[in-house]
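The structure appears right after this line, and notes come after that.
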Amino acid sequence: MNPDQKKFTEKELNPLSSLDVWEDDVLQRYPEPDTIAKGRTTDEYRNYEEPARDTVKEFYRLNHTYQTFDFVQEKRNNYLNFNKKEMPVWEAFEFLNQLVDDSDPDTDLDQFQHLLQTSEAIRRDGHPDWMVLVGLMHDMGKVLCLFGEPQWAVVGDTFPVGCPYSNKIVYPEFFKYNTDFSIPEYQTQYGIYEKGCGLRNVDMSWGHDEYVYQMLKDHLPEEGLYMLRYHSFYAWHRENEYEYLLDDHDREMLKWVRLFNPYDLYSKNPEPPDWKKLKPYYEELVAKYLPATLKF
């Protein structure tokens with residue numbers, strides 16, 4: 001555990017029984033037609049007992065309380081040097097698999113198999129191979145938990161910091177506990193930003209989206225990078241908020257984020273992928289776009 005995390009209790013570090021509980025909550029908020037998931041219907045995903053909702057609420061209380069502008073800068077300075085670890089790509093998936101949690105009711109597959117299901121659903125629908133790779137890599141940033149980061153600094157709906165909070169963000173009432181809420185500069189009409197500045201000039205709450213984007217930003221097309229960086233920014237791509245921050249490039253890229261998001265949420269399937277058959281394709285795909293090793 002990092003020294004700056006000692007102030008948090010175990011329940012504050014890990015309010016959710018599994019990282020997948022957050023995604024299950026998103027499924028409840030944004031149910032989709034059964035166009036991507038195979039072998040089960042979307043209503044079968046929502047299989048948690050009611051008390052789990054209390055843990056989600058507590059998760060967002062912590063997220064909205066501690067995700068300050070200064071916290072984001074601290075994490076960017078700490079992690080975006082990518083000097084923690086270096087591994088071959090396939091070893092990185094084995095590292096990610098340490099996050100497997102038996103409490104997930106949707107699947108007993110490991111993280112890599114879930115990512116394969118996402119990428120295979122994208123490939124099945126005939127999308128470009130770089131988008132297939134986005135599906136394979138989009139959750140790699142969750143390794144932040146393995147570096148001791150609390151769950152609320154790894155997953156959760158993302159949002160801009162340094163400007164007013166949208167009331168369309170889940171549990172917006174908890175932002176009153178965030179110290180940024182009382183900083184006048186952050187609560188003006190545009191906060192610290194200029195109208196139409198573009199999302200690339202906006203600091204988002206810290207989590208796996210920004211981390212994996214920064215990890216792969218030199219290796220994928222712009223459309224894929226937007227998918228990675230903003231797939232948890234639901235206030236934007238589902239609620240149409242923060243229009244004042246967008247530029248024309250963001251508006252053009254929005255369709256790609258919306259195209260990817262259902263594959264992330266609705267591709268879980270109880271049947272494991274046949275890795276023996278898939279391996280040659282994915283080895284070639286990874287070698288086409290990514291370096292032999294990844295830096296964390």
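Every chain in the structure tokens takes a letter, A first, then B, and so on in the order presented; its residues are numbered from 1, and the ligands are numbered from 1 following the presented order.
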Subject >> Selection: 6 Å around range 211-222 of chain A, only C-alpha atoms, excl. self and same-chain fewer than 5 positions, as a list in words >> reply: Gly141, Leu228, Arg229 and Tyr289 of chain A
Using only C-alpha atoms, please write the residues we just selected to a file, as a PDB file, in the first residue's frame.
```pdb
ATOM      1  CA  GLY A 141      -5.818  -0.029 -16.263  1.00  0.00           C
ATOM      2  CA  LEU A 228     -10.279   4.015 -23.872  1.00  0.00           C
ATOM      3  CA  ARG A 229     -10.188   7.459 -22.286  1.00  0.00           C
ATOM      4  CA  TYR A 289      -0.036  -2.504 -32.815  1.00  0.00           C
TER       5      TYR A 289
END
```
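The interatomic distance for the pair CA of Leu199 in chain A and CA of Glu58 in chain A works out to 28.3 Å.
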**OP:** Would you mind reading off the distance between CA of Ser267 in chain A and CA of Leu13 in chain A, one decimal, in Å?
**Re:**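 It comes out at 28.0 Å.
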**OP:** Within range 128-198 of chain A, find each residue whose DSSP state, derived from the backbone, is alpha helix (DSSP H), and express the selection as a list in words.
**Re:**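 Result set for range 128-198 of chain A (alpha helix (DSSP H)): Asp129, Trp130, Met131, Val132, Leu133, Val134, Gly135, Leu136 and Met137 of chain A.
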